[in-house]
Amino acid sequence: MLETKYNHIEVEKDKYETWKNKGYFNSGDLSKKPFCIVIPPPNVTGKLHLGHAWDTTLQDIIIRYKRMDGYDALWLPGMDHAGIATQAKVDKKLKELGYTPRMMDREEWLNHAWNWKKEYADNIREQWAKLGLSLDYSKERFTLDKGLNDAVNYVFINLYNKGLIYQGERIINWDPEAMTALSNEEVIYKEVEGAFYHIKYFIENTDNYLEVATTRPETLFGDTAVAVNPKDDRYKDLIGKNVILPILNKLIPIIADEHADPEFGTGVVKITPAHDPNDFEVGNRHNLERIKVINTDGTMNEFAGIYKGMDRFECRNKLVEDLKTKDLLIKIEKLIHSVGHSERTDVMVEPYLSKQWFVKMESLAKHVLENQQTENKVKFVPEKFEKILTHWMEDCHDWCISRQLWWGHRIPAWYKGDEVKVQVDSPGSEWMQDNDVLDTWFSSALWPFSTLGFPNNTEDLKRYFPTDVLVTGYDIIFFWVARMIFQSLEFMNNIPFKECIIHGLIRDKEGRKMSKSLGNGVDPMEVIEKYGCDSLRYFISTSTSAGTDLRYDEEKIKATWNFINKLWNASRFVLMNIEDIKVESINKDNLNIADRWILNKLDNTIEEVRRNMDKYEFNNVGTSLYSFIWNDFCDWYIELSKLDMNNTSKNVLLLVLTDILKMLHPFMPYVTEEIYQMLPNKEDSIVMSAYPQIHQFDFDKNELNNMEELISFIKNVRKLKKDNNIGKEYCLKTNNPLIEENKDLVCKILKTTINNDNDLSSLPIGFMNDTIYVCYDNTNDNEQEKELLLKEKETLEQSITRRTNLLNNSNYTSKAPANIVENDRLQLEKEKQDLNIVMEKLKKN
């Protein structure tokens, strides 16, 4: 028998390990139709966040539903090595231990990193268990394991041989803290305060100057020209002459280029080919020298002269002071502008000239766009999010894939002098392997097929690819979803997943994005500790529609907790009343009107739930289940069943409760298993039970409508009694045939009788084109209520007098804490309002 009170800690205890050890989560039943999801791999950098709990809960709901519905359901677990983020964490730990990470031997450093991975991978598995995720651990993968490394090398070499991977010198996004290149998608733009610094560039052999405005004066040491527009009449006579570069006093040419906009500022721009992507292109057109003046750690190098060794921002401040001193600074114009920051370290990104590896995107992106016009497209849920994919593919640039890190897939490229060979094994003793690793997203892009055995044509790959569903947030469609699609089309000639379910972001109650700076983050493990796994899962999966943001509200978690308690207490009632049940099939001839009504409601609910589960509309599933369980089953049928508890009604209770538990199980795995184990004629586990199908009882619809009318009538009688202070002594006056036919049910549940021969006071209720009278004599009840109201009046008056005197005492109000005084004022107002309500009630009596 279930405990009197629901205790989530006891309910969740040991179940997960039992499920896992008995192999309930394992796939591989070849007699069933396959269904596959590969988990979006969490980073091995620490705790799972609430967004990952949302991702994985939705996937677990789908996989449990499909498993119960007869599929060979594979949910493949795995983790991501998260290059930049993990390396930063490992470096921080090593520094705390007294190491200087970049002075260590690479292999020694990697040993520490793998130890970190083991520790945090164990933590993640523990958190998966707490979330109740039904993963097939026999197939777990890691983005740096050997099989995935083989896949990464195969893809890199293949793309290189096709001319789709190349090495080139370009302006890339550089993270001076992580000291690595970043792709465009790893740069977050923020509005920050900056300035235009207007500087004098004197024209050679004259006292005249050109006014040049820049937001980054520290880069002027790398200027190799100033540019004006060839159509700008103001400067056409200066083209081909020189200006004197401030501070360094060296000559640089004035060139004509369309990049200079005559309508913007003075129409003159400084050209720094090594530190600006537009200037890089100008430099290529005019064969300008590329001078790097900033080191990889963000400090100035020898080209900055006396500023060498300074941090770039320290240099900016000192340089501006010196320009003022030398009368070379015209003005400083403050502005707010959008500046790129590293997604991982949050430092300001430095545009930087560097030799890197790139993926040529044009043909790959075109393939995605063409495929999305076919029947074999990836279907987005909601459909509107396909536009993000399309936009990104139409406007994508070559992808910088090399990273100056140690943690990751080392690039399979080898060098000897100017020779380069791209292969896995060393070509010989004199060859040196590239020190860089690949962008984390390069291996993540292969996740749907590399986890199934690619590049080998494994049985898993043949059976489960393409996978069926991906669940992810809209914020990484361009980071990850797009890359999986183009890599899958390129190497598997197929889409990576048939459907892509998009959810929003989790925000706080006020709609703000969760962040460390606001201190509004939520640890899902703490929520589970307080309210249980089932409460969290049900809330995050049913509180919003697909594609929209979710506002985290603890009060709604509490409401889910109350819902579980309602289910728990209803289940206790059923279990106590079916101890002597003779389990048998439902015989329609033995059912009363209430039995037929609830079974019809059950069929309708199963139909609605299945339809919405298949469309991934889990918020609608939640609405249907909540309404049926709370309103129809708990509030009505359980009450109605008490009127005539026989073996038929016991079997109806058992059937309905069993189907409720099965429909709820994907959302609430733990409490449903706990209750299910108490049922007679159960299977080993609800995990392996069959999902409910419509029973097709085919009842008379008129009779079912009559039951709805009776329920509405019962509600109306109860409301009328409450509104008019009608006590226990009352009866009904009616000749209505439906009421007469169901007289026993109506009178028992309303605890009344039908008496058409009385001259009591009465109030009418409309019912199916008829009028029924509620007859009553409230004499005794009114006297008792009056006595209680007078006592309440006396108590309130005494409290109001005491509190008024207290608040009129300046000695109290000036010395007592302000919050206590304010609370007294609020309480006084409330007591006055309560007294007015009591006086109104006394007038009616």
# chains A, B, ... in the order shown; residues from 1 in each chain; ligands from 1

$ residues_around --residues "Pro101 in chain A" --least-positions-apart "5" --cutoff "10 Å" --atoms "only C-alpha atoms" --output "PyMOL selection string"
chain A and resi 87+90-95+106+108-109

$ write_last_selection --atoms "all heavy atoms" --output "PDB file, in the first residue's frame"
ATOM      1  N   GLN A  87      39.308  23.563 -21.672  1.00  0.00           N
ATOM      2  CA  GLN A  87      40.714  23.937 -21.504  1.00  0.00           C
ATOM      3  C   GLN A  87      40.854  25.068 -20.493  1.00  0.00           C
ATOM      4  O   GLN A  87      41.774  25.063 -19.668  1.00  0.00           O
ATOM      5  CB  GLN A  87      41.332  24.342 -22.847  1.00  0.00           C
ATOM      6  CG  GLN A  87      42.794  24.735 -22.718  1.00  0.00           C
ATOM      7  CD  GLN A  87      43.619  24.398 -23.946  1.00  0.00           C
ATOM      8  OE1 GLN A  87      43.393  23.395 -24.624  1.00  0.00           O
ATOM      9  NE2 GLN A  87      44.597  25.220 -24.243  1.00  0.00           N
ATOM     10  N   VAL A  90      40.424  23.504 -17.005  1.00  0.00           N
ATOM     11  CA  VAL A  90      41.588  22.700 -16.630  1.00  0.00           C
ATOM     12  C   VAL A  90      42.771  23.608 -16.306  1.00  0.00           C
ATOM     13  O   VAL A  90      43.475  23.397 -15.311  1.00  0.00           O
ATOM     14  CB  VAL A  90      41.943  21.695 -17.744  1.00  0.00           C
ATOM     15  CG1 VAL A  90      43.239  20.963 -17.427  1.00  0.00           C
ATOM     16  CG2 VAL A  90      40.806  20.687 -17.936  1.00  0.00           C
ATOM     17  N   ASP A  91      42.982  24.628 -17.136  1.00  0.00           N
ATOM     18  CA  ASP A  91      44.075  25.575 -16.873  1.00  0.00           C
ATOM     19  C   ASP A  91      43.901  26.256 -15.516  1.00  0.00           C
ATOM     20  O   ASP A  91      44.864  26.424 -14.758  1.00  0.00           O
ATOM     21  CB  ASP A  91      44.130  26.639 -17.972  1.00  0.00           C
ATOM     22  CG  ASP A  91      44.803  26.138 -19.243  1.00  0.00           C
ATOM     23  OD1 ASP A  91      45.347  25.006 -19.218  1.00  0.00           O
ATOM     24  OD2 ASP A  91      44.787  26.865 -20.249  1.00  0.00           O
ATOM     25  N   LYS A  92      42.700  26.647 -15.198  1.00  0.00           N
ATOM     26  CA  LYS A  92      42.434  27.306 -13.920  1.00  0.00           C
ATOM     27  C   LYS A  92      42.776  26.386 -12.752  1.00  0.00           C
ATOM     28  O   LYS A  92      43.417  26.796 -11.780  1.00  0.00           O
ATOM     29  CB  LYS A  92      40.965  27.728 -13.847  1.00  0.00           C
ATOM     30  CG  LYS A  92      40.608  28.477 -12.574  1.00  0.00           C
ATOM     31  CD  LYS A  92      39.130  28.846 -12.557  1.00  0.00           C
ATOM     32  CE  LYS A  92      38.766  29.533 -11.243  1.00  0.00           C
ATOM     33  NZ  LYS A  92      37.319  29.833 -11.161  1.00  0.00           N
ATOM     34  N   LYS A  93      42.372  25.123 -12.874  1.00  0.00           N
ATOM     35  CA  LYS A  93      42.665  24.159 -11.813  1.00  0.00           C
ATOM     36  C   LYS A  93      44.171  23.930 -11.680  1.00  0.00           C
ATOM     37  O   LYS A  93      44.713  23.864 -10.566  1.00  0.00           O
ATOM     38  CB  LYS A  93      41.954  22.826 -12.106  1.00  0.00           C
ATOM     39  CG  LYS A  93      42.141  21.773 -11.018  1.00  0.00           C
ATOM     40  CD  LYS A  93      41.381  20.507 -11.341  1.00  0.00           C
ATOM     41  CE  LYS A  93      41.604  19.451 -10.263  1.00  0.00           C
ATOM     42  NZ  LYS A  93      40.884  18.188 -10.574  1.00  0.00           N
ATOM     43  N   LEU A  94      44.852  23.827 -12.823  1.00  0.00           N
ATOM     44  CA  LEU A  94      46.301  23.616 -12.795  1.00  0.00           C
ATOM     45  C   LEU A  94      47.032  24.802 -12.169  1.00  0.00           C
ATOM     46  O   LEU A  94      47.990  24.631 -11.413  1.00  0.00           O
ATOM     47  CB  LEU A  94      46.816  23.359 -14.214  1.00  0.00           C
ATOM     48  CG  LEU A  94      46.462  21.991 -14.811  1.00  0.00           C
ATOM     49  CD1 LEU A  94      46.802  21.952 -16.295  1.00  0.00           C
ATOM     50  CD2 LEU A  94      47.173  20.863 -14.077  1.00  0.00           C
ATOM     51  N   LYS A  95      46.579  26.004 -12.469  1.00  0.00           N
ATOM     52  CA  LYS A  95      47.196  27.198 -11.864  1.00  0.00           C
ATOM     53  C   LYS A  95      47.027  27.181 -10.352  1.00  0.00           C
ATOM     54  O   LYS A  95      47.930  27.571  -9.610  1.00  0.00           O
ATOM     55  CB  LYS A  95      46.574  28.460 -12.461  1.00  0.00           C
ATOM     56  CG  LYS A  95      47.015  28.743 -13.895  1.00  0.00           C
ATOM     57  CD  LYS A  95      46.240  29.901 -14.505  1.00  0.00           C
ATOM     58  CE  LYS A  95      46.591  30.083 -15.971  1.00  0.00           C
ATOM     59  NZ  LYS A  95      45.756  31.131 -16.614  1.00  0.00           N
ATOM     60  N   ARG A 106      52.774  18.865 -23.578  1.00  0.00           N
ATOM     61  CA  ARG A 106      51.404  18.674 -24.071  1.00  0.00           C
ATOM     62  C   ARG A 106      50.775  17.397 -23.526  1.00  0.00           C
ATOM     63  O   ARG A 106      49.626  17.388 -23.089  1.00  0.00           O
ATOM     64  CB  ARG A 106      51.408  18.669 -25.602  1.00  0.00           C
ATOM     65  CG  ARG A 106      50.008  18.567 -26.221  1.00  0.00           C
ATOM     66  CD  ARG A 106      50.046  18.778 -27.720  1.00  0.00           C
ATOM     67  NE  ARG A 106      48.710  18.871 -28.281  1.00  0.00           N
ATOM     68  CZ  ARG A 106      48.392  19.567 -29.350  1.00  0.00           C
ATOM     69  NH1 ARG A 106      49.315  20.266 -29.987  1.00  0.00           N
ATOM     70  NH2 ARG A 106      47.144  19.611 -29.798  1.00  0.00           N
ATOM     71  N   GLU A 108      51.543  15.720 -20.815  1.00  0.00           N
ATOM     72  CA  GLU A 108      51.303  15.837 -19.377  1.00  0.00           C
ATOM     73  C   GLU A 108      50.009  16.614 -19.134  1.00  0.00           C
ATOM     74  O   GLU A 108      49.185  16.243 -18.293  1.00  0.00           O
ATOM     75  CB  GLU A 108      52.485  16.536 -18.706  1.00  0.00           C
ATOM     76  CG  GLU A 108      52.325  16.680 -17.188  1.00  0.00           C
ATOM     77  CD  GLU A 108      53.401  17.565 -16.566  1.00  0.00           C
ATOM     78  OE1 GLU A 108      54.227  18.138 -17.313  1.00  0.00           O
ATOM     79  OE2 GLU A 108      53.385  17.709 -15.326  1.00  0.00           O
ATOM     80  N   TRP A 109      49.842  17.717 -19.870  1.00  0.00           N
ATOM     81  CA  TRP A 109      48.627  18.517 -19.729  1.00  0.00           C
ATOM     82  C   TRP A 109      47.398  17.687 -20.099  1.00  0.00           C
ATOM     83  O   TRP A 109      46.373  17.742 -19.401  1.00  0.00           O
ATOM     84  CB  TRP A 109      48.714  19.752 -20.620  1.00  0.00           C
ATOM     85  CG  TRP A 109      47.565  20.702 -20.408  1.00  0.00           C
ATOM     86  CD1 TRP A 109      47.518  21.781 -19.584  1.00  0.00           C
ATOM     87  CD2 TRP A 109      46.273  20.632 -21.040  1.00  0.00           C
ATOM     88  NE1 TRP A 109      46.288  22.381 -19.637  1.00  0.00           N
ATOM     89  CE2 TRP A 109      45.495  21.698 -20.534  1.00  0.00           C
ATOM     90  CE3 TRP A 109      45.685  19.770 -21.965  1.00  0.00           C
ATOM     91  CZ2 TRP A 109      44.175  21.923 -20.919  1.00  0.00           C
ATOM     92  CZ3 TRP A 109      44.364  19.996 -22.351  1.00  0.00           C
ATOM     93  CH2 TRP A 109      43.630  21.059 -21.841  1.00  0.00           C
TER      94      TRP A 109
END

$ select_by_dssp --residues "range 395-634 of chain A" --states "alpha helix (DSSP H)" --output "PyMOL selection string"
chain A and resi 440-444+447-450+459-464+482-492+524-531+533-542+554-577+593-614+618-626

$ residues_around --residues "Phe264 in chain A" --least-positions-apart "4" --cutoff "12 Å" --atoms "only C-alpha atoms" --output "PyMOL selection string"
chain A and resi 212-213+228-229+232+259-260+268-269

$ closest_atom_pairs --of "range 371-437 of chain A" --to "range 129-146 of chain A" --cutoff "10 Å" --atoms "only C-alpha atoms" --output "CSV"
residue,atom,partner,partner_atom,distance
A:Trp407,CA,A:Leu144,CA,9.1
A:Gly408,CA,A:Leu144,CA,6.9
A:His409,CA,A:Leu144,CA,6.8

$ closest_residue --among "A:Thr219, A:Ser450, A:Asn587, A:Asn651" --to "Phe491 in chain A" --atoms "only C-alpha atoms"
A:Ser450

$ residues_around --residues "Ile837 in chain A" --least-positions-apart "5" --cutoff "12 Å" --atoms "only C-alpha atoms" --output "list in words"
Leu789, Glu792, Lys793, Leu796, Lys830, Glu831, Lys832, Leu842, Lys843 and Lys844 of chain A

$ select_by_dssp --residues "range 72-266 of chain A" --states "strand (DSSP E)" --output "PyMOL selection string"
chain A and resi 72-76+78-79+141-142+165-175+180-182+187-202+209-214+225-228+242-245+250-256

$ residues_around --residues "range 393-398 of chain A" --least-positions-apart "6" --cutoff "10 Å" --atoms "only C-alpha atoms" --output "list in words"
Leu164, Ile165, Tyr166, Ser183, Asn184, Trp357, Phe358, Val359, Lys360, Met361, Glu362, Leu364, Ala365, Lys366, His367, Val368, Leu369, Lys387, Phe478, Ala482, Arg483 and Phe486 of chain A

$ residues_around --residues "range 667-672 of chain A" --least-positions-apart "6" --cutoff "6 Å" --atoms "only C-alpha atoms" --output "MDAnalysis selection string"
chainID A and resid 12 61 534 538 661

$ residues_around --residues "Asp723 in chain A" --least-positions-apart "5" --cutoff "12 Å" --atoms "only C-alpha atoms" --output "PyMOL selection string"
chain A and resi 716-718+763+841

$ write_last_selection --atoms "all heavy atoms" --output "PDB file, in the first residue's frame"
ATOM      1  N   ASN A 716     -24.266  23.521  -9.807  1.00  0.00           N
ATOM      2  CA  ASN A 716     -25.118  24.691  -9.615  1.00  0.00           C
ATOM      3  C   ASN A 716     -25.810  24.675  -8.258  1.00  0.00           C
ATOM      4  O   ASN A 716     -25.971  25.721  -7.619  1.00  0.00           O
ATOM      5  CB  ASN A 716     -26.153  24.784 -10.734  1.00  0.00           C
ATOM      6  CG  ASN A 716     -25.526  25.168 -12.062  1.00  0.00           C
ATOM      7  OD1 ASN A 716     -24.449  25.764 -12.102  1.00  0.00           O
ATOM      8  ND2 ASN A 716     -26.177  24.804 -13.158  1.00  0.00           N
ATOM      9  N   VAL A 717     -26.260  23.501  -7.825  1.00  0.00           N
ATOM     10  CA  VAL A 717     -26.898  23.385  -6.500  1.00  0.00           C
ATOM     11  C   VAL A 717     -25.893  23.761  -5.412  1.00  0.00           C
ATOM     12  O   VAL A 717     -26.202  24.521  -4.486  1.00  0.00           O
ATOM     13  CB  VAL A 717     -27.442  21.969  -6.274  1.00  0.00           C
ATOM     14  CG1 VAL A 717     -27.900  21.785  -4.818  1.00  0.00           C
ATOM     15  CG2 VAL A 717     -28.603  21.677  -7.221  1.00  0.00           C
ATOM     16  N   ARG A 718     -24.699  23.237  -5.518  1.00  0.00           N
ATOM     17  CA  ARG A 718     -23.673  23.538  -4.501  1.00  0.00           C
ATOM     18  C   ARG A 718     -23.353  25.032  -4.472  1.00  0.00           C
ATOM     19  O   ARG A 718     -23.175  25.622  -3.404  1.00  0.00           O
ATOM     20  CB  ARG A 718     -22.413  22.725  -4.789  1.00  0.00           C
ATOM     21  CG  ARG A 718     -22.570  21.244  -4.453  1.00  0.00           C
ATOM     22  CD  ARG A 718     -21.385  20.438  -4.933  1.00  0.00           C
ATOM     23  NE  ARG A 718     -21.433  19.068  -4.430  1.00  0.00           N
ATOM     24  CZ  ARG A 718     -20.644  18.079  -4.848  1.00  0.00           C
ATOM     25  NH1 ARG A 718     -19.742  18.318  -5.790  1.00  0.00           N
ATOM     26  NH2 ARG A 718     -20.756  16.869  -4.336  1.00  0.00           N
ATOM     27  N   LEU A 763     -35.447  28.376  -3.863  1.00  0.00           N
ATOM     28  CA  LEU A 763     -34.767  29.135  -4.914  1.00  0.00           C
ATOM     29  C   LEU A 763     -34.740  28.271  -6.172  1.00  0.00           C
ATOM     30  O   LEU A 763     -34.480  27.071  -6.100  1.00  0.00           O
ATOM     31  CB  LEU A 763     -33.347  29.492  -4.494  1.00  0.00           C
ATOM     32  CG  LEU A 763     -33.216  30.532  -3.369  1.00  0.00           C
ATOM     33  CD1 LEU A 763     -31.770  30.592  -2.877  1.00  0.00           C
ATOM     34  CD2 LEU A 763     -33.671  31.905  -3.833  1.00  0.00           C
ATOM     35  N   LYS A 841     -22.622  40.880   6.505  1.00  0.00           N
ATOM     36  CA  LYS A 841     -23.234  39.557   6.735  1.00  0.00           C
ATOM     37  C   LYS A 841     -24.239  39.612   7.878  1.00  0.00           C
ATOM     38  O   LYS A 841     -25.294  38.970   7.836  1.00  0.00           O
ATOM     39  CB  LYS A 841     -22.145  38.519   7.027  1.00  0.00           C
ATOM     40  CG  LYS A 841     -21.314  38.127   5.818  1.00  0.00           C
ATOM     41  CD  LYS A 841     -20.289  37.056   6.160  1.00  0.00           C
ATOM     42  CE  LYS A 841     -19.498  36.623   4.939  1.00  0.00           C
ATOM     43  NZ  LYS A 841     -18.470  35.608   5.282  1.00  0.00           N
TER      44      LYS A 841
END

$ closest_residue --among "A:Leu220, A:Val481, A:Leu505, A:Ile62" --to "Leu550 in chain A" --atoms "only C-alpha atoms"
A:Leu505

$ decode --residues "range 499-513 of chain A" --atoms "N, CA, C and O atoms" --output "JSON list (two decimals), in the first residue's frame"
[["chain", "number", "residue", "atom", "x", "y", "z"],
["A", 499, "GLU", "N", 13.04, 15.18, -38.01],
["A", 499, "GLU", "CA", 12.36, 16.33, -37.44],
["A", 499, "GLU", "C", 13.27, 17.03, -36.44],
["A", 499, "GLU", "O", 14.06, 16.38, -35.75],
["A", 500, "CYS", "N", 13.12, 18.33, -36.36],
["A", 500, "CYS", "CA", 13.92, 19.13, -35.42],
["A", 500, "CYS", "C", 12.96, 19.96, -34.57],
["A", 500, "CYS", "O", 12.33, 20.90, -35.07],
["A", 501, "ILE", "N", 12.82, 19.57, -33.31],
["A", 501, "ILE", "CA", 11.90, 20.26, -32.40],
["A", 501, "ILE", "C", 12.68, 21.39, -31.73],
["A", 501, "ILE", "O", 13.71, 21.15, -31.10],
["A", 502, "ILE", "N", 12.16, 22.58, -31.86],
["A", 502, "ILE", "CA", 12.84, 23.76, -31.32],
["A", 502, "ILE", "C", 12.09, 24.27, -30.09],
["A", 502, "ILE", "O", 10.87, 24.48, -30.14],
["A", 503, "HIS", "N", 12.82, 24.45, -29.01],
["A", 503, "HIS", "CA", 12.22, 25.12, -27.85],
["A", 503, "HIS", "C", 12.92, 26.47, -27.66],
["A", 503, "HIS", "O", 13.91, 26.78, -28.31],
["A", 504, "GLY", "N", 12.38, 27.27, -26.75],
["A", 504, "GLY", "CA", 12.92, 28.60, -26.53],
["A", 504, "GLY", "C", 13.99, 28.62, -25.46],
["A", 504, "GLY", "O", 14.64, 27.61, -25.18],
["A", 505, "LEU", "N", 14.16, 29.77, -24.84],
["A", 505, "LEU", "CA", 15.10, 29.95, -23.75],
["A", 505, "LEU", "C", 14.33, 29.93, -22.44],
["A", 505, "LEU", "O", 13.15, 30.27, -22.39],
["A", 506, "ILE", "N", 15.02, 29.54, -21.37],
["A", 506, "ILE", "CA", 14.41, 29.62, -20.05],
["A", 506, "ILE", "C", 14.74, 30.98, -19.46],
["A", 506, "ILE", "O", 15.91, 31.38, -19.39],
["A", 507, "ARG", "N", 13.71, 31.70, -19.04],
["A", 507, "ARG", "CA", 13.88, 33.01, -18.44],
["A", 507, "ARG", "C", 13.35, 33.00, -17.01],
["A", 507, "ARG", "O", 12.71, 32.03, -16.60],
["A", 508, "ASP", "N", 13.63, 34.05, -16.28],
["A", 508, "ASP", "CA", 13.11, 34.10, -14.92],
["A", 508, "ASP", "C", 11.65, 34.56, -14.95],
["A", 508, "ASP", "O", 11.07, 34.81, -16.02],
["A", 509, "LYS", "N", 11.06, 34.70, -13.79],
["A", 509, "LYS", "CA", 9.64, 35.01, -13.68],
["A", 509, "LYS", "C", 9.29, 36.32, -14.36],
["A", 509, "LYS", "O", 8.19, 36.51, -14.87],
["A", 510, "GLU", "N", 10.26, 37.27, -14.35],
["A", 510, "GLU", "CA", 10.04, 38.59, -14.96],
["A", 510, "GLU", "C", 10.36, 38.61, -16.45],
["A", 510, "GLU", "O", 10.27, 39.64, -17.11],
["A", 511, "GLY", "N", 10.78, 37.47, -16.99],
["A", 511, "GLY", "CA", 11.08, 37.40, -18.42],
["A", 511, "GLY", "C", 12.51, 37.73, -18.77],
["A", 511, "GLY", "O", 12.85, 37.85, -19.95],
["A", 512, "ARG", "N", 13.37, 37.88, -17.76],
["A", 512, "ARG", "CA", 14.78, 38.20, -18.03],
["A", 512, "ARG", "C", 15.56, 36.92, -18.30],
["A", 512, "ARG", "O", 15.29, 35.87, -17.72],
["A", 513, "LYS", "N", 16.55, 37.03, -19.19],
["A", 513, "LYS", "CA", 17.41, 35.90, -19.49],
["A", 513, "LYS", "C", 18.21, 35.56, -18.24],
["A", 513, "LYS", "O", 18.69, 36.44, -17.52]]
